[in-house]
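J.: As input, take start16.txt (compact mmCIF, C-alpha atoms):
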# COMPACT_ATOMS: atom_id res chain seq x y z
CA MET A 4 25.02 24.74 14.00
CA ASN A 5 23.56 27.08 11.45
CA GLU A 6 25.85 27.05 8.41
CA GLU A 7 26.05 30.84 8.40
CA ASP A 8 26.81 30.93 12.14
CA PHE A 9 30.13 29.26 11.36
CA PHE A 10 31.23 32.83 10.60
CA GLY A 11 30.07 34.14 13.98
CA LEU A 12 27.06 36.02 12.63
CA GLU A 13 24.76 35.04 15.49
CA ARG A 14 27.33 36.28 18.01
CA GLU A 15 27.74 39.55 16.12
CA GLN A 16 23.97 40.04 15.94
CA LYS A 17 23.69 39.73 19.73
CA ILE A 18 26.59 42.15 20.27
CA ARG A 19 25.21 44.66 17.79
CA LYS A 20 21.75 44.55 19.34
CA SER A 21 23.20 45.19 22.80
CA GLY A 22 24.88 48.44 21.77
CA VAL A 23 27.99 47.51 23.79
CA ARG A 24 30.34 48.88 21.13
CA SER A 25 28.74 52.30 21.51
CA ILE A 26 29.36 52.27 25.27
CA TYR A 27 32.90 50.87 25.49
CA THR A 28 34.68 52.65 22.63
CA PRO A 29 38.45 52.00 22.53
CA HIS A 30 38.73 52.83 18.84
CA GLN A 31 36.93 56.17 18.69
CA PRO A 32 36.32 59.20 20.92
CA ILE A 33 33.18 59.54 23.02
CA HIS A 34 30.60 61.89 21.52
CA SER A 35 27.68 61.52 23.93
CA ILE A 36 27.57 63.23 27.33
CA LYS A 37 25.56 60.23 28.59
CA LEU A 38 28.57 57.93 28.01
CA PHE A 39 31.18 60.27 29.46
CA PHE A 40 32.50 59.28 32.89
CA GLY A 41 35.07 61.18 34.98
CA ARG A 42 36.96 64.37 34.04
CA GLU A 43 34.05 66.60 35.16
CA ALA A 44 36.42 69.14 36.74
CA LEU A 45 38.42 69.43 33.51
CA VAL A 46 35.29 69.92 31.43
CA LYS A 47 34.26 72.69 33.81
CA ARG A 48 37.70 74.32 33.48
CA LEU A 49 37.64 74.25 29.67
CA ILE A 50 34.11 75.67 29.57
CA GLU A 51 35.16 78.50 31.89
CA GLN A 52 38.21 79.28 29.76
CA ILE A 53 36.39 79.34 26.44
CA ASN A 54 33.41 81.24 27.84
CA THR A 55 35.70 84.05 29.08
CA PRO A 56 35.98 86.98 26.63
CA GLY A 57 39.35 87.01 24.89
CA GLN A 58 40.30 83.49 25.94
CA HIS A 59 40.73 80.33 23.90
CA ALA A 60 41.89 76.88 25.03
CA LEU A 61 44.67 74.40 24.27
CA LEU A 62 44.25 70.78 25.44
CA TYR A 63 47.26 68.49 25.12
CA GLY A 64 48.73 65.27 26.51
CA ASP A 65 49.79 61.73 25.64
CA ARG A 66 48.01 59.56 23.11
CA GLY A 67 45.19 57.50 24.61
CA VAL A 68 44.38 59.68 27.64
CA GLY A 69 41.00 60.83 26.25
CA LYS A 70 41.70 64.28 24.76
CA SER A 71 39.28 64.00 21.82
CA SER A 72 36.48 62.65 24.03
CA LEU A 73 36.96 65.53 26.46
CA ALA A 74 36.96 68.04 23.59
CA ASN A 75 33.81 66.53 22.08
CA VAL A 76 31.86 66.71 25.34
CA THR A 77 33.10 70.23 26.10
CA ALA A 78 32.11 71.45 22.62
CA HIS A 79 28.67 69.84 22.92
CA LEU A 80 27.97 71.54 26.26
CA LEU A 81 29.23 74.92 25.06
CA LEU A 82 27.17 74.94 21.86
CA LYS A 83 24.08 73.70 23.66
CA ASN A 84 24.21 76.17 26.54
CA LEU A 85 26.61 79.09 26.09
CA ILE A 86 27.84 79.70 22.54
CA LYS A 87 25.62 80.71 19.64
CA GLY A 88 26.50 79.71 16.11
CA LYS A 89 28.02 76.56 14.67
CA LEU A 90 30.62 74.01 15.65
CA TYR A 91 33.49 73.71 13.15
CA THR A 92 35.52 70.55 13.77
CA LYS A 93 38.80 70.02 11.93
CA ARG A 94 40.73 66.80 12.52
CA CYS A 95 44.15 67.48 11.07
CA ASP A 96 46.50 65.26 9.13
CA SER A 97 49.96 65.79 7.66
CA GLN A 98 48.54 67.59 4.61
CA ASP A 99 46.69 70.27 6.56
CA SER A 100 47.73 73.91 6.62
CA PHE A 101 46.43 77.20 8.00
CA GLU A 102 44.24 77.52 4.90
CA THR A 103 42.61 74.10 5.15
CA ILE A 104 41.97 74.48 8.89
CA LEU A 105 39.98 77.71 8.36
CA ALA A 106 38.35 76.80 5.04
CA GLU A 107 34.95 75.88 6.51
CA PRO A 108 34.39 78.91 8.80
CA LEU A 109 35.67 81.26 6.06
CA LYS A 110 33.23 79.73 3.61
CA GLU A 111 30.48 80.49 6.13
CA VAL A 112 31.17 84.23 5.66
CA GLY A 113 31.38 84.01 1.88
CA ILE A 114 35.11 83.46 1.40
CA ASP A 115 35.97 80.36 -0.61
CA LEU A 116 39.53 79.07 -0.44
CA ARG A 117 40.40 77.10 -3.54
CA VAL A 118 43.69 75.48 -4.41
CA ALA A 119 44.45 75.52 -8.09
CA SER A 120 47.31 74.12 -10.11
CA GLU A 121 49.07 76.50 -12.43
CA THR A 122 51.38 75.04 -15.04
CA LYS A 123 53.85 77.38 -16.66
CA SER A 124 55.35 76.39 -19.96
CA HIS A 125 58.84 77.58 -20.75
CA LYS A 126 60.41 78.15 -24.10
CA GLU A 127 63.15 75.75 -23.09
CA GLY A 128 60.56 72.99 -22.82
CA GLY A 129 59.02 71.19 -19.84
CA SER A 130 56.60 72.50 -17.21
CA ALA A 131 56.35 73.14 -13.50
CA GLY A 132 53.25 72.71 -11.33
CA VAL A 133 52.67 75.12 -8.43
CA GLN A 134 49.91 74.86 -5.78
CA ILE A 135 48.48 78.36 -5.17
CA PRO A 136 45.86 79.23 -2.51
CA VAL A 137 43.25 81.43 -4.17
CA ILE A 138 40.88 83.65 -2.21
CA ALA A 139 37.54 84.25 -3.90
CA THR A 140 34.69 86.18 -2.32
CA GLY A 141 30.99 85.72 -2.94
CA SER A 142 29.52 82.83 -4.87
CA ILE A 143 32.13 82.43 -7.59
CA THR A 144 32.00 78.88 -8.91
CA SER A 145 34.59 78.88 -11.68
CA TYR A 146 37.99 80.42 -12.35
CA ASN A 147 39.94 81.14 -15.48
CA GLU A 148 43.67 81.10 -16.05
CA ASN A 149 43.99 84.86 -15.43
CA THR A 150 42.39 84.51 -11.97
CA PHE A 151 45.26 82.33 -10.83
CA ARG A 152 47.93 84.51 -12.38
CA LEU A 153 46.78 87.39 -10.21
CA ARG A 154 48.24 85.48 -7.28
CA SER A 155 51.94 84.90 -6.84
CA PRO A 156 53.14 81.36 -6.05
CA GLY A 157 54.14 82.58 -2.58
CA HIS A 158 50.70 84.00 -1.71
CA ARG A 159 49.21 82.68 1.51
CA LEU A 160 46.21 83.48 3.67
CA SER A 161 47.33 85.95 6.34
CA PRO A 162 46.22 85.68 10.00
CA SER A 163 45.03 89.31 9.97
CA TYR A 164 42.92 88.76 6.84
CA ALA A 165 41.32 85.65 8.39
CA ALA A 166 40.69 87.32 11.77
CA GLU A 167 39.12 90.38 10.15
CA ALA A 168 36.91 88.21 7.95
CA LEU A 169 35.71 86.09 10.88
CA LYS A 170 35.39 88.85 13.50
CA ASP A 171 31.56 88.75 13.51
CA LEU A 172 31.14 84.98 13.13
CA GLU A 173 29.75 83.20 16.18
CA GLY A 174 30.74 79.62 16.92
CA LEU A 175 33.50 77.29 18.09
CA ILE A 176 36.39 75.84 16.07
CA VAL A 177 37.77 72.56 17.45
CA ILE A 178 41.16 71.82 15.89
CA ASP A 179 41.89 68.19 16.80
CA GLU A 180 45.13 66.28 16.10
CA SER A 181 46.84 69.67 15.80
CA ASP A 182 50.22 67.97 16.29
CA ALA A 183 49.88 66.77 12.68
CA ILE A 184 49.92 70.30 11.19
CA ARG A 185 52.66 70.10 8.63
CA THR A 186 54.87 73.17 9.11
CA ALA A 187 56.08 75.47 11.86
CA GLY A 188 54.94 78.37 9.69
CA ASP A 189 51.35 77.14 9.68
CA LYS A 190 51.49 76.76 13.47
CA ARG A 191 52.79 80.33 13.83
CA ARG A 192 50.03 81.69 11.60
CA LEU A 193 47.45 79.81 13.64
CA SER A 194 48.88 81.27 16.87
CA GLU A 195 48.80 84.78 15.42
CA PHE A 196 45.22 84.24 14.25
CA ILE A 197 44.12 83.21 17.76
CA LYS A 198 45.84 86.26 19.28
CA LEU A 199 44.12 88.56 16.75
CA LEU A 200 40.73 87.01 17.56
CA SER A 201 41.42 87.73 21.22
CA ASP A 202 42.62 91.30 20.61
CA GLY A 203 39.53 92.03 18.52
CA ASP A 204 37.16 90.59 21.16
CA CYS A 205 35.73 88.31 18.46
CA LYS A 206 32.84 85.96 19.22
CA LEU A 207 34.47 83.03 17.44
CA LYS A 208 36.30 80.73 19.89
CA VAL A 209 39.04 78.13 19.34
CA LEU A 210 39.75 74.85 21.15
CA MET A 211 43.01 73.23 20.05
CA VAL A 212 43.72 69.58 20.85
CA GLY A 213 46.94 67.64 20.24
CA ILE A 214 49.45 65.04 21.35
CA ALA A 215 52.40 66.62 23.13
CA GLN A 216 54.44 66.64 26.33
CA THR A 217 54.41 70.44 26.48
CA ALA A 218 52.33 73.19 24.91
CA GLU A 219 55.45 74.47 23.12
CA ASP A 220 55.57 71.18 21.20
CA LEU A 221 52.25 72.11 19.58
CA MET A 222 52.46 75.85 19.12
CA GLU A 223 55.10 77.98 17.43
CA ALA A 224 53.77 80.89 19.41
CA HIS A 225 55.00 84.24 20.66
CA GLN A 226 54.78 84.68 24.43
CA SER A 227 51.95 87.19 24.00
CA VAL A 228 49.69 84.35 22.79
CA GLN A 229 49.91 82.66 26.20
CA ARG A 230 47.65 85.25 27.83
CA CYS A 231 44.75 84.34 25.52
CA LEU A 232 45.41 80.63 24.85
CA LYS A 233 44.94 78.84 28.18
CA GLU A 234 46.81 75.53 28.40
CA THR A 235 45.48 72.33 29.97
CA LYS A 236 47.59 69.17 30.05
CA LEU A 237 45.48 66.04 30.24
CA GLU A 238 47.11 63.49 32.53
CA ARG A 239 46.31 59.82 32.93
CA MET A 240 42.99 59.08 34.63
CA SER A 241 42.74 58.18 38.30
CA ASP A 242 41.70 54.70 39.45
CA ASN A 243 38.31 56.05 40.51
CA GLU A 244 37.70 57.59 37.10
CA LEU A 245 38.57 54.32 35.35
CA ARG A 246 36.24 52.51 37.73
CA LEU A 247 33.44 54.86 36.68
CA ILE A 248 34.02 53.91 33.02
CA ILE A 249 33.73 50.18 33.76
CA GLU A 250 30.84 50.29 36.20
CA GLY A 251 28.95 53.09 34.44
CA GLY A 252 28.99 51.14 31.20
CA ALA A 253 28.06 47.91 32.99
CA ASN A 254 25.00 49.57 34.52
CA LYS A 255 23.78 50.67 31.10
CA LEU A 256 24.29 47.14 29.76
CA LYS A 257 22.84 45.46 32.88
CA LEU A 258 26.10 43.56 33.40
CA LEU A 259 28.04 42.93 36.61
CA PHE A 260 31.84 42.92 36.70
CA GLN A 261 33.17 41.07 39.74
CA PRO A 262 35.22 43.42 41.96
CA ASP A 263 38.51 41.59 41.31
CA VAL A 264 37.93 41.91 37.55
CA VAL A 265 37.37 45.67 37.86
CA ASP A 266 40.54 46.00 39.96
CA ALA A 267 42.57 43.97 37.45
CA ILE A 268 41.37 46.07 34.49
CA ILE A 269 42.26 49.26 36.35
CA ARG A 270 45.77 48.02 37.19
CA MET A 271 46.44 46.93 33.62
CA SER A 272 45.10 50.20 32.17
CA TRP A 273 47.47 52.29 34.32
CA GLY A 274 45.47 55.46 33.82
CA TYR A 275 44.79 55.09 30.09
CA PRO A 276 41.03 55.01 29.34
CA HIS A 277 41.73 53.47 25.93
CA PHE A 278 42.81 50.21 27.57
CA THR A 279 39.98 50.33 30.10
CA HIS A 280 37.49 50.58 27.24
CA LEU A 281 39.29 47.83 25.31
CA LEU A 282 39.38 45.30 28.17
CA ALA A 283 35.84 46.07 29.36
CA LEU A 284 34.57 45.72 25.79
CA LYS A 285 36.15 42.31 25.28
CA CYS A 286 34.77 41.08 28.61
CA ALA A 287 31.30 42.42 27.88
CA GLU A 288 31.18 41.04 24.34
CA ASP A 289 31.69 37.48 25.57
CA ALA A 290 29.11 37.84 28.33
CA ILE A 291 26.52 39.25 25.93
CA ALA A 292 27.21 36.59 23.28
CA GLU A 293 26.75 33.84 25.88
CA GLY A 294 23.72 35.41 27.53
CA ARG A 295 25.48 35.98 30.87
CA GLN A 296 25.31 39.00 33.16
CA GLU A 297 28.24 38.35 35.50
CA ILE A 298 31.84 38.77 34.34
CA THR A 299 34.41 36.73 36.27
CA HIS A 300 38.19 36.55 36.31
CA ALA A 301 38.01 33.52 34.01
CA ASN A 302 36.23 35.70 31.45
CA LEU A 303 38.94 38.32 31.87
CA GLN A 304 41.62 35.82 30.86
CA VAL A 305 39.87 35.31 27.52
CA ALA A 306 39.34 39.04 27.13
CA VAL A 307 43.04 39.74 27.75
CA ARG A 308 44.07 37.52 24.83
CA ARG A 309 41.53 39.14 22.54
CA ALA A 310 42.58 42.63 23.67
CA VAL A 311 46.22 41.92 22.76
CA GLU A 312 45.13 40.83 19.28
CA ASP A 313 42.99 43.96 18.91
CA ALA A 314 45.56 46.42 20.25
CA GLU A 315 47.22 49.03 18.06
CA GLU A 316 49.71 47.49 15.65
CA THR A 317 52.44 49.97 16.64
CA LEU A 318 52.34 48.75 20.24
CA ARG A 319 52.33 45.08 19.29
CA ARG A 320 55.20 45.50 16.86
CA THR A 321 57.31 47.58 19.26
CA TYR A 322 56.93 44.99 22.00
CA ALA A 323 57.53 42.04 19.66
CA ASP A 324 60.71 43.58 18.23
CA ALA A 325 62.07 44.27 21.72
CA THR A 326 61.41 40.78 23.11
CA ARG A 327 62.13 38.61 20.08
CA SER A 328 64.77 36.01 21.04
CA SER A 329 65.16 32.29 20.61
CA GLY A 330 67.64 31.88 23.44
CA THR A 331 66.36 33.87 26.41
CA ASP A 332 63.21 35.15 28.07
CA MET A 333 65.13 37.93 29.80
CA TYR A 334 64.05 40.71 27.40
CA ARG A 335 60.42 40.04 28.25
CA GLN A 336 61.16 39.75 31.97
CA ILE A 337 63.01 43.08 32.01
CA LEU A 338 60.11 44.83 30.31
CA CYS A 339 57.58 43.17 32.61
CA GLY A 340 59.62 44.43 35.53
CA ALA A 341 59.78 47.95 34.12
CA ALA A 342 56.01 47.94 33.45
CA SER A 343 55.31 46.92 37.05
CA ILE A 344 56.96 50.05 38.46
CA GLU A 345 54.27 52.59 39.33
CA LYS A 346 56.29 55.55 38.04
CA GLU A 347 56.83 57.08 34.60
CA GLU A 348 60.57 57.41 35.29
CA PHE A 349 62.45 54.79 37.27
CA THR A 350 65.98 54.15 38.47
CA ALA A 351 68.31 51.27 37.69
CA LYS A 352 67.90 50.03 41.27
CA GLU A 353 64.10 50.03 40.99
CA LEU A 354 64.35 48.12 37.73
CA ARG A 355 66.74 45.53 39.21
CA ASN A 356 64.40 44.97 42.14
CA ALA A 357 61.38 44.59 39.85
CA VAL A 358 63.15 42.12 37.56
CA SER A 359 64.44 40.16 40.57
CA LYS A 360 60.87 39.84 41.78
CA ILE A 361 59.72 38.43 38.44
CA THR A 362 62.65 36.03 37.98
CA GLN A 363 62.63 35.13 41.70
CA ARG A 364 66.38 35.53 41.90
CA LYS A 365 68.75 38.42 42.58
CA VAL A 366 69.62 40.24 39.36
CA GLN A 367 72.81 42.32 39.12
CA GLN A 368 73.20 45.48 37.03
CA THR A 369 75.96 43.89 34.96
CA GLU A 370 73.49 41.23 33.84
CA LEU A 371 70.89 43.82 32.84
CA ASN A 372 73.51 45.77 30.88
CA ASN A 373 73.93 42.78 28.56
CA TYR A 374 70.37 43.33 27.31
CA PHE A 375 70.29 47.11 27.29
CA GLN A 376 71.85 47.48 23.84
CA ARG A 377 68.57 46.40 22.29
CA LEU A 378 66.23 47.86 24.90
CA VAL A 379 67.75 51.24 25.83
CA SER A 380 68.92 54.33 23.94
CA GLU A 381 69.10 58.07 24.55
CA LYS A 382 67.38 59.27 21.36
CA GLY A 383 64.13 57.32 21.37
CA ALA A 384 65.08 54.58 18.90
CA THR A 385 64.31 51.75 21.36
CA ILE A 386 61.49 50.76 23.69
CA LEU A 387 63.23 52.34 26.71
CA LYS A 388 64.88 55.73 26.88
CA ARG A 389 67.78 56.71 29.15
CA ILE A 390 66.85 60.09 30.67
CA THR A 391 70.11 60.47 32.55
CA LYS A 392 72.63 58.09 34.05
CA GLY A 393 70.72 55.31 35.81
CA VAL A 394 67.22 56.76 35.06
CA TYR A 395 64.88 55.34 32.40
CA ARG A 396 61.38 55.61 30.98
CA PHE A 397 59.35 54.02 28.18
CA ASN A 398 59.47 55.96 24.92
CA ASP A 399 55.75 55.39 24.36
CA PRO A 400 53.98 55.92 27.70
CA ARG A 401 51.21 53.51 26.64
CA ILE A 402 53.60 50.56 26.34
CA PRO A 403 53.55 49.66 30.10
CA SER A 404 49.78 49.14 29.86
CA PHE A 405 50.17 46.92 26.81
CA ILE A 406 52.93 44.90 28.54
CA ARG A 407 50.72 44.43 31.60
CA ILE A 408 47.92 43.12 29.38
CA ALA A 409 50.16 40.90 27.22
CA ASN A 410 51.79 39.37 30.31
CA HIS A 411 48.84 39.49 32.66
CA GLN A 412 49.59 36.28 34.56
CA VAL A 413 53.30 37.02 35.10
CA TRP A 414 52.81 40.68 35.85
CA ALA A 415 49.83 40.22 38.19
CA SER A 416 51.65 37.67 40.33
CA ALA A 417 54.79 39.80 40.58
CA SER A 418 53.26 43.22 41.23
CA LYS A 419 51.51 44.74 44.19
CA PRO A 420 48.92 47.32 43.14
CA THR A 421 49.22 50.72 44.77
CA GLU A 422 46.75 53.59 45.03
CA GLN A 423 47.41 56.42 42.57
Using the file provided, produce a representation of the structure as C-alpha cells.

T.:
Amino acid sequence: MNEEDFFGLEREQKIRKSGVRSIYTPHQPIHSIKLFFGREALVKRLIEQINTPGQHALLYGDRGVGKSSLANVTAHLLLKNLIKGKLYTKRCDSQDSFETILAEPLKEVGIDLRVASETKSHKEGGSAGVQIPVIATGSITSYNENTFRLRSPGHRLSPSYAAEALKDLEGLIVIDESDAIRTAGDKRRLSEFIKLLSDGDCKLKVLMVGIAQTAEDLMEAHQSVQRCLKETKLERMSDNELRLIIEGGANKLKLLFQPDVVDAIIRMSWGYPHFTHLLALKCAEDAIAEGRQEITHANLQVAVRRAVEDAEETLRRTYADATRSSGTDMYRQILCGAASIEKEEFTAKELRNAVSKITQRKVQQTELNNYFQRLVSEKGATILKRITKGVYRFNDPRIPSFIRIANHQVWASASKPTEQ
C-alpha cells in the first residue's frame, strides 16, 4: 500500500473526481436546477406567487425538508426568466436585524448603513458604549464624531424609509433562516416593509424562508400583511419524490441501486430529503471507491453505520442521552417502536403495540410508564412530548428518521412499510 494511501487519499481522489458529493448533498442546499428532483408543483406555486404584482412569498416548515434548496431553485428560475435586476440573498443568524437584512439592497441605491460605536465620557468617570445605526447617502467613506451624535441611540431604520428608498429597485430578496432574526421588533418591521412594498406596487420582491410549524412563528405581522405575503408550508417529501432523488443521482453517476436498497433508504428517510441524500451518498461513495456500479443491501449496512457517525451532533446526542442505561435496553426499544409508527402523533395504544412487536412480548402501559420520566414531558425538555393525555410525538420531527437509521436491523424486521 502506498504510504500516503494509509490516510485514504486514493479513496478521496476517486470520490472527488466522481463529483458524487455535488449530487448527493446532505450538508448543504441544492443550487443547481439539474440536481433538483421532485417539488415541481411547489416551485411553480412560488413562482406564480412572486410573479404576481403586490405579492411576496413565505416558505416555512421543519428542519431538513428542503426549504433552502427549493428557495434556491425558485430564485434561479425567477431571475433567469421573469425578474429583472439582482438576487440579494441573506442567510440570517442570531445577530441579524432589520438593518443588516436590507443593507445590501439599500447600498445598491446609494444608501450605506454603518454601525458605529459612540463612547460617552461622564464627569463621574467611566464610559458607556452604544451601537447606533447610521444612515449615510451617496459615497461617503468616513465619519466624524459629530456625524454619530446627530443620531440618537434609539434611532432605527424605519420600514417606510426603506420601502421608499427601494421602490424603484428591481430584483429579489431571499431571506433564509428567518427564524433566527433576533427580536420580535425586527420581525414586525420586516412585515411592515413587505406590506409597504406591496402597497406601493414596487418591483422588488421578497421570498422569506424559515423553520417553523406555523407562519405566525416566523412573522410578528398584522393581519393586513397576509394578503400580500402568501404562505407555503413545506411538508415531508413523498416516497416517489425521495425515489427520484436516489435514482436521478444514480443515473448521473452511472450507478445502480438495487430496488430493495432504494426502498430501505426511503423507509428510513421518512420524508426527509436530508437523510435520503446522506444514505445515498454513503452508499455511492463506497461503490465509487471500490470501482463498482451496483449497490446492494450489504453495501447499505456499511453506509448506515457511516451515516450515523456523520449525522448532526444534536440528533446523536439527543438519542444517546435518552437511551443511555447500563441495566436495560427498554429505552431504545420504546423509541424504536415510536419511530416505527407511520404517524407524527401517536396514541399510547399504538406505542404499546409497536413496542410489543419489537420485544416480541405483550407490553403493558404500566411498564412503559416506568420509563416515561426520562423520555416524556409536556414542555419539550425530553425526546418525546405529551400532546394530551395518551397522545405523544417526537420533539424533533427528524429524530424518527435517525432512530430508524441507527437501529436499521431491529427496526426493519419489526416494521411493515406503508405507502404515504

J.: Can you list, as a list in words, every protein, DNA or RNA residue that comes within 7 Å of Arg185 of chain A when you count only C-alpha atoms, leaving out same-chain residues fewer than 3 positions away?

T.: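 Selected residues are Ser97, Gln98, Asp99 and Ser100 of chain A.
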
J.: Env of Tyr275 of chain A: 8 Å cut, atoms = only C-alpha atoms, seq-sep filter 2 positions within chain, self excluded. Answer as an MDAnalysis selection string.

T.: chainID A and resid 67:69 239:240 272:273 277:279 401 404

J.: Report as a PyMOL selection string all protein, DNA and RNA residues lying within 7 Å of segment 391-398 of chain A, evaluated on all atoms listed in the file, omitting residues in the same chain fewer than 2 positions from it.

T.: chain A and resi 347-351+383+386-389+400+402

J.: Have a look at A:Ala341, A:Ala306, A:Leu247, A:Leu282 and name the one nearest to Phe40 of chain A; count only C-alpha atoms.

T.: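 Of A:Ala341, A:Ala306, A:Leu247, A:Leu282, the one nearest Phe40 of chain A, counting only C-alpha atoms, is A:Leu247.
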
J.: I want to know what sits within 7 Å of Lys190 of chain A, based on all atoms listed in the file, with residues of the same chain fewer than 3 positions away left out; could you give that as a ChimeraX atom specification?

T.: /A:186-187,193-194,222-223

J.: Looking at all atoms listed in the file, which of A:Leu62, A:Ala384, A:Leu281, A:Ala166 is the one that sits closest to Glu315 of chain A?

T.: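 Among A:Leu62, A:Ala384, A:Leu281, A:Ala166, it is A:Leu281 that comes nearest to Glu315 of chain A.
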